[in-house]
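*Asks:* Quick one: the structure is below, questions incoming.
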Amino acid sequence: MTRSSKFKITLLSGLIAAFASSGAHAADLTVGANIGNVPWEFEDASGKVTGFEVDLVTEIAKRLGKSVEFVNTPFNGLFPAVQSGRINMAVSSITITDKRLESVTFAQPYYDSDQSLTVTAASGITGLKDMGDKVVGVDTGSTGDMWADANKGEYKLGDIRRFEGLQPAMLDLVAGRVDGYISDIPALLYYVKDKPELKVVERIPTGEKYSIMFNKNDPLATEVNAVITTLKQEGFIAKLHETWFGAKAEDTTSTVTVLDMPKAK
C-alpha cells in the first residue's frame with residue numbers, strides 16, 4: 001500500500017481467542033493493546049480509541065505505508081499473542097526488562113517511567129510506610145505486580161490482588177476492597193488529575209523504559225525502530241509528550257534521545 005492509503009483503527013474483541021477465530025483482517029498490522037490504559041490507549045467520550053501510543057503507532061504505520069488495527073487485549077495476554085503471531089506487535093506502556101528480552105524483541109524506548117502508589121484521599125495513607133497489612137492492587141503480570149511481589153516482605157504488604165487494567169482496580173480502590181494501587185506513574189497522574197477523591201502519594205523509583213514489543217527477532221521490529229529514530233529526530237514524539245502530559249519532555253529522556261534497540265544480556 002502507498003503512504004496515501006487509508007488507515008483505520010478498529011476496536012475488536014478483548015479476547016485473544018476471539019481474535020484467533022475471527023479469520024483474516026484487512027489491516028497490514030495488528031497491534032495488541034490493553035484499551036483502558038490511560039493515557040496510552042483508551043476510549044474517549046465518543047467511543048473513539050485514542051492515546052499517546054495510539055497516535056504513535058498510527059504515525060509509524062503511516063510512515064511504513066501500512067494500515068493498522070488495534071486489538072483490545074488484556075495486558076498479560078499481549079506476550080503470548082506476539083509470540084504466537086496472532087498480533088504483529090503490542091503496546092500498553094510495556095516496560096523493557098532483561099527477562100522479557102529473553103523471549104520477545106523491543107524497539108528502542110520512547111518513554112521513561114517509574115511505579116507509584118495511589119490511594120483514596122480519605123484513607124489517610126501517605127506512602128508505602130502506611131501499607132503494612134494493607135491490601136494492594138496491581139495489574140496482572142505488570143512491573144507493578146513484580147515490584148509488589150518482590151517487596152512484599154520489606155513493606156509488610158497484606159494481600160496482593162491482581163486486576164486486568166486500571167479501571168477495575170480503581171473501582172475496587174474507591175469501594176474500599178483494596179487499600180492502594182501500584183502501577184505506572186504517568187497513567188495514575190493522568191487518571192487522578194480531575195478526581196480529588198484519589199491521590200498519588202508516592203513515586204516508586206524503578207527506572208523503567210516503555211517500548212513496542214514484537215515476537216523474538218521479528219524483522220518488523222528493526223523497521224519500526226528506524227521509524228522511531230526518525231520521529232524522535234523530527235520532534236514528533238516530543239510533541240506527543242506535550243500533547244498528552246502538558247509538559248515538555250527533557251532532552252535527556254528516551255522520548256527525545258535516539259537509542260539503540262535493547263538486547264538481551
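All residue names refer to the C-alpha cells as shown: chains lettered A, B, ... in order, residues numbered from 1 in each chain, ligands numbered from 1 in order.
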Neighbours of Ala169 in chain A within 12 Å (only C-alpha atoms; same-chain residues fewer than 6 positions away dropped), as a JSON list (two decimals) with N, CA and C atoms, in the first residue's frame?
*Replies:*
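Generated file (selection34.json):
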```json
[["chain", "number", "residue", "atom", "x", "y", "z"],
["A", 36, "GLY", "N", -8.06, 1.05, 27.72],
["A", 36, "GLY", "CA", -8.44, 1.43, 29.07],
["A", 36, "GLY", "C", -7.22, 1.82, 29.88],
["A", 37, "ASN", "N", -6.05, 1.78, 29.23],
["A", 37, "ASN", "CA", -4.77, 2.12, 29.86],
["A", 37, "ASN", "C", -4.46, 3.60, 29.59],
["A", 118, "THR", "N", -1.19, 4.76, 44.57],
["A", 118, "THR", "CA", -2.38, 5.60, 44.57],
["A", 118, "THR", "C", -3.35, 5.08, 45.63],
["A", 119, "VAL", "N", -3.94, 6.01, 46.38],
["A", 119, "VAL", "CA", -4.89, 5.66, 47.44],
["A", 119, "VAL", "C", -6.06, 6.63, 47.38],
["A", 135, "VAL", "N", -4.26, -4.23, 51.76],
["A", 135, "VAL", "CA", -4.48, -4.93, 50.50],
["A", 135, "VAL", "C", -4.01, -4.06, 49.35],
["A", 136, "VAL", "N", -3.17, -4.61, 48.49],
["A", 136, "VAL", "CA", -2.57, -3.87, 47.38],
["A", 136, "VAL", "C", -3.11, -4.40, 46.05],
["A", 137, "GLY", "N", -3.52, -3.48, 45.18],
["A", 137, "GLY", "CA", -3.95, -3.86, 43.85],
["A", 137, "GLY", "C", -2.84, -3.63, 42.84],
["A", 138, "VAL", "N", -2.70, -4.55, 41.88],
["A", 138, "VAL", "CA", -1.72, -4.42, 40.80],
["A", 138, "VAL", "C", -2.34, -4.97, 39.52],
["A", 139, "ASP", "N", -1.72, -4.67, 38.39],
["A", 139, "ASP", "CA", -2.14, -5.25, 37.12],
["A", 139, "ASP", "C", -1.40, -6.57, 36.90],
["A", 140, "THR", "N", -2.13, -7.60, 36.54],
["A", 140, "THR", "CA", -1.55, -8.93, 36.37],
["A", 140, "THR", "C", -0.37, -8.92, 35.41],
["A", 160, "ILE", "N", -2.04, -9.27, 47.88],
["A", 160, "ILE", "CA", -1.85, -8.62, 46.58],
["A", 160, "ILE", "C", -2.97, -9.11, 45.67],
["A", 161, "ARG", "N", -3.81, -8.20, 45.21],
["A", 161, "ARG", "CA", -4.92, -8.57, 44.33],
["A", 161, "ARG", "C", -4.62, -8.08, 42.92],
["A", 162, "ARG", "N", -4.82, -8.96, 41.97],
["A", 162, "ARG", "CA", -4.43, -8.69, 40.58],
["A", 162, "ARG", "C", -5.64, -8.37, 39.72],
["A", 163, "PHE", "N", -5.46, -7.35, 38.87],
["A", 163, "PHE", "CA", -6.54, -6.87, 38.02],
["A", 163, "PHE", "C", -6.09, -6.87, 36.56],
["A", 175, "ALA", "N", -14.16, 1.59, 46.22],
["A", 175, "ALA", "CA", -15.12, 0.84, 47.02],
["A", 175, "ALA", "C", -14.53, 0.32, 48.32],
["A", 176, "GLY", "N", -13.20, 0.46, 48.50],
["A", 176, "GLY", "CA", -12.56, 0.02, 49.72],
["A", 176, "GLY", "C", -12.17, -1.45, 49.75],
["A", 177, "ARG", "N", -12.26, -2.10, 48.58],
["A", 177, "ARG", "CA", -11.87, -3.52, 48.54],
["A", 177, "ARG", "C", -10.36, -3.71, 48.43],
["A", 178, "VAL", "N", -9.65, -2.67, 48.00],
["A", 178, "VAL", "CA", -8.19, -2.63, 48.11],
["A", 178, "VAL", "C", -7.82, -1.29, 48.75],
["A", 179, "ASP", "N", -6.67, -1.26, 49.41],
["A", 179, "ASP", "CA", -6.26, -0.04, 50.12],
["A", 179, "ASP", "C", -5.34, 0.85, 49.30],
["A", 180, "GLY", "N", -4.65, 0.26, 48.33],
["A", 180, "GLY", "CA", -3.73, 1.04, 47.50],
["A", 180, "GLY", "C", -3.53, 0.32, 46.18],
["A", 181, "TYR", "N", -3.15, 1.08, 45.17],
["A", 181, "TYR", "CA", -2.96, 0.52, 43.83],
["A", 181, "TYR", "C", -1.58, 0.94, 43.34],
["A", 182, "ILE", "N", -0.77, -0.05, 42.96],
["A", 182, "ILE", "CA", 0.58, 0.21, 42.46],
["A", 182, "ILE", "C", 0.61, 0.01, 40.95],
["A", 183, "SER", "N", 0.96, 1.07, 40.24],
["A", 183, "SER", "CA", 1.02, 0.99, 38.78],
["A", 183, "SER", "C", 1.85, 2.15, 38.25],
["A", 188, "LEU", "N", -1.36, 7.01, 36.30],
["A", 188, "LEU", "CA", -2.07, 7.39, 37.51],
["A", 188, "LEU", "C", -2.18, 8.90, 37.67]]
```
*Asks:* Please identify which residues in range 1-215 of chain A DSSP calls alpha helix (DSSP H) from the backbone, and express them as number ranges by chain.
*Replies:* A: 16-21, 52-64, 78-84, 98-101, 143-155, 166-175, 185-192
*Asks:* Which is closer to Leu101 in chain A than all the others in A:Thr73, A:Ser254, A:Gln83, A:Thr243, using only C-alpha atoms?
*Replies:*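 Ranked by minimum distance to Leu101 in chain A, first place goes to A:Gln83.
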*Asks:* Kindly provide the residues of range 117-186 of chain A that approach range 204-225 of chain A to within 9 Å, each paired with its closest atom pair and their distance in Å to one decimal, based on only C-alpha atoms, listed by chain and increasing number, as a Markdown table.
*Replies:*
```
| residue | atom | partner | partner_atom | distance |
| --- | --- | --- | --- | --- |
| A:Leu117 | CA | A:Ile204 | CA | 7.4 |
| A:Thr143 | CA | A:Glu208 | CA | 8.7 |
| A:Trp147 | CA | A:Thr206 | CA | 8.6 |
| A:Ile182 | CA | A:Ile204 | CA | 8.8 |
| A:Ile185 | CA | A:Ile204 | CA | 8.4 |
```
*Asks:* Distance CA of Lys62 in chain A-CA of Phe236 in chain A, one decimal place?
*Replies:*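 Atom-to-atom, CA of Lys62 in chain A and CA of Phe236 in chain A are spaced 13.2 Å apart.
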*Asks:* Here is a test: counting only C-alpha atoms, which residue of A:Gly144, A:Gly235, A:Pro39, A:Gly47 is nearest to Lys248 in chain A?
*Replies:*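 Closest to Lys248 in chain A, using only C-alpha atoms: A:Gly235.
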*Asks:* Which value, in Å to one decimal, gives the distance between CA of Glu53 in chain A and CA of Leu78 in chain A?
*Replies:*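 Here the two named atoms are 14.9 Å from each other.
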*Asks:* Give me, as an MDAnalysis selection string, the residues of range 119-243 of chain A that a backbone DSSP run labels strand (DSSP E).
*Replies:* chainID A and resid 119:120 136:139 160:163 180:184 198:215
*Asks:* Grab the CA of Val227 in chain A to CA of Arg63 in chain A distance for me, in Å with one decimal place.
*Replies:*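 So the two atoms, CA of Val227 in chain A and CA of Arg63 in chain A, lie 7.1 Å apart.
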*Asks:* Skipping near chain neighbours, those fewer than 6 positions away, what residues fall within 7 Å of Ser92 in chain A using only C-alpha atoms, listed as a CSV table (one decimal) with N, CA and C atoms, in the first residue's frame?
*Replies:*
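Okay, part06.csv is ready:
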```csv
chain,number,residue,atom,x,y,z
A,33,ALA,N,-3.3,-4.1,22.3
A,33,ALA,CA,-3.3,-3.0,23.3
A,33,ALA,C,-4.3,-3.2,24.4
A,34,ASN,N,-4.0,-2.9,25.6
A,34,ASN,CA,-4.9,-3.0,26.7
A,34,ASN,C,-5.8,-1.8,26.7
A,37,ASN,N,-6.1,1.8,29.2
A,37,ASN,CA,-4.8,2.1,29.9
A,37,ASN,C,-4.5,3.6,29.6
A,40,TRP,N,-2.4,6.1,27.5
A,40,TRP,CA,-1.7,5.4,26.4
A,40,TRP,C,-2.6,4.9,25.3
```
*Asks:* Nearest residue to Phe52 in chain A out of A:Asp260, A:Glu242, A:Glu164, A:Asp172, using only C-alpha atoms?
*Replies:* A:Glu242
*Asks:* Quick one: residues within 10 Å of Pro186 in chain A, only C-alpha atoms, excluding same-chain residues fewer than 5 positions away - as a ChimeraX atom specification?
*Replies:* /A:38-40,93,111-116,191,244-245
*Asks:* Any chance you could export the current selection's all heavy atoms as a compact mmCIF listing (two decimals), in the first residue's frame?
*Replies:*
```
# COMPACT_ATOMS: atom_id res chain seq x y z
N VAL A 38 -5.13 4.48 30.32
CA VAL A 38 -4.94 5.92 30.09
C VAL A 38 -3.56 6.35 30.56
O VAL A 38 -3.03 5.81 31.53
CB VAL A 38 -6.03 6.74 30.85
CG1 VAL A 38 -7.39 6.46 30.29
CG2 VAL A 38 -5.99 6.47 32.35
N PRO A 39 -2.93 7.33 29.89
CA PRO A 39 -3.37 7.99 28.66
C PRO A 39 -2.78 7.35 27.41
O PRO A 39 -2.69 7.97 26.37
CB PRO A 39 -2.80 9.39 28.84
CG PRO A 39 -1.49 9.14 29.53
CD PRO A 39 -1.72 7.96 30.46
N TRP A 40 -2.41 6.09 27.50
CA TRP A 40 -1.69 5.43 26.41
C TRP A 40 -2.62 4.90 25.33
O TRP A 40 -2.37 5.10 24.14
CB TRP A 40 -0.82 4.30 26.97
CG TRP A 40 0.08 4.78 28.04
CD1 TRP A 40 -0.08 4.65 29.40
CD2 TRP A 40 1.27 5.55 27.87
NE1 TRP A 40 0.94 5.28 30.07
CE2 TRP A 40 1.79 5.83 29.16
CE3 TRP A 40 1.97 6.01 26.76
CZ2 TRP A 40 2.96 6.55 29.35
CZ3 TRP A 40 3.14 6.73 26.95
CH2 TRP A 40 3.62 6.99 28.24
N SER A 93 2.13 0.71 27.49
CA SER A 93 3.18 1.14 28.42
C SER A 93 3.97 -0.07 28.91
O SER A 93 4.11 -0.30 30.11
CB SER A 93 2.60 1.94 29.59
OG SER A 93 1.57 1.25 30.27
N TYR A 111 9.76 6.30 26.28
CA TYR A 111 9.25 6.94 27.49
C TYR A 111 9.93 6.35 28.71
O TYR A 111 10.08 5.14 28.82
CB TYR A 111 7.73 6.76 27.61
CG TYR A 111 7.12 7.67 28.66
CD1 TYR A 111 6.76 8.97 28.35
CD2 TYR A 111 6.96 7.23 29.97
CE1 TYR A 111 6.23 9.81 29.32
CE2 TYR A 111 6.45 8.05 30.94
CZ TYR A 111 6.08 9.35 30.61
OH TYR A 111 5.58 10.18 31.58
N ASP A 112 10.35 7.23 29.64
CA ASP A 112 10.96 6.83 30.91
C ASP A 112 9.92 6.94 32.01
O ASP A 112 9.19 7.94 32.08
CB ASP A 112 12.14 7.73 31.25
CG ASP A 112 13.24 7.69 30.19
OD1 ASP A 112 13.28 6.72 29.40
OD2 ASP A 112 14.04 8.64 30.13
N SER A 113 9.86 5.95 32.88
CA SER A 113 8.81 5.94 33.88
C SER A 113 9.25 5.30 35.19
O SER A 113 10.33 4.71 35.29
CB SER A 113 7.58 5.20 33.34
OG SER A 113 6.52 5.22 34.26
N ASP A 114 8.37 5.40 36.19
CA ASP A 114 8.51 4.72 37.47
C ASP A 114 7.13 4.17 37.85
O ASP A 114 6.13 4.45 37.18
CB ASP A 114 8.98 5.68 38.57
CG ASP A 114 10.44 6.09 38.41
OD1 ASP A 114 11.28 5.18 38.22
OD2 ASP A 114 10.73 7.29 38.47
N GLN A 115 7.07 3.42 38.94
CA GLN A 115 5.80 2.98 39.50
C GLN A 115 5.31 4.04 40.51
O GLN A 115 5.99 5.03 40.79
CB GLN A 115 5.97 1.63 40.19
CG GLN A 115 6.25 0.49 39.23
CD GLN A 115 5.09 0.22 38.30
OE1 GLN A 115 4.02 -0.20 38.74
NE2 GLN A 115 5.31 0.43 37.02
N SER A 116 4.12 3.83 41.04
CA SER A 116 3.56 4.77 42.02
C SER A 116 2.51 4.08 42.86
O SER A 116 1.97 3.04 42.49
CB SER A 116 2.93 5.98 41.31
OG SER A 116 1.82 5.55 40.52
N TYR A 191 -4.86 9.94 35.39
CA TYR A 191 -6.19 9.48 35.82
C TYR A 191 -6.75 10.30 36.98
O TYR A 191 -7.94 10.62 37.00
CB TYR A 191 -6.12 8.01 36.22
CG TYR A 191 -7.45 7.40 36.56
CD1 TYR A 191 -8.28 6.90 35.57
CD2 TYR A 191 -7.89 7.31 37.89
CE1 TYR A 191 -9.51 6.33 35.87
CE2 TYR A 191 -9.12 6.74 38.21
CZ TYR A 191 -9.93 6.26 37.19
OH TYR A 191 -11.15 5.71 37.49
N TRP A 244 -0.05 15.01 25.46
CA TRP A 244 -0.70 14.11 26.40
C TRP A 244 -0.35 14.38 27.86
O TRP A 244 -1.13 14.02 28.76
CB TRP A 244 -0.38 12.66 26.04
CG TRP A 244 -1.13 12.24 24.81
CD1 TRP A 244 -0.65 12.12 23.54
CD2 TRP A 244 -2.52 11.96 24.74
NE1 TRP A 244 -1.66 11.76 22.69
CE2 TRP A 244 -2.82 11.66 23.40
CE3 TRP A 244 -3.55 11.93 25.68
CZ2 TRP A 244 -4.11 11.33 22.97
CZ3 TRP A 244 -4.83 11.60 25.26
CH2 TRP A 244 -5.10 11.30 23.92
N PHE A 245 0.80 14.99 28.13
CA PHE A 245 1.19 15.23 29.52
C PHE A 245 1.29 16.70 29.88
O PHE A 245 1.55 17.05 31.03
CB PHE A 245 2.52 14.52 29.82
CG PHE A 245 2.41 13.03 29.72
CD1 PHE A 245 2.92 12.36 28.62
CD2 PHE A 245 1.79 12.29 30.71
CE1 PHE A 245 2.81 10.99 28.50
CE2 PHE A 245 1.67 10.92 30.60
CZ PHE A 245 2.18 10.26 29.50
```
*Asks:* Hey, which of A:Leu189, A:Thr50, A:Thr257, A:Ile94 ends up closest to Asn76 in chain A? Count only C-alpha atoms.
*Replies:*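 Between A:Leu189, A:Thr50, A:Thr257, A:Ile94, the residue approaching Asn76 in chain A most closely is A:Ile94.
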*Asks:* Taking only C-alpha atoms into account, which of A:Pro74, A:Gly51, A:Pro109, A:Pro80 comes nearest Val258 in chain A?
*Replies:* A:Pro109
*Asks:* Contacts of Pro196 in chain A at 12 Å or less, counting only C-alpha atoms, minus same-chain residues fewer than 2 places along, as number ranges by chain?
*Replies:* A: 118-122, 174, 189, 191-194, 198-200
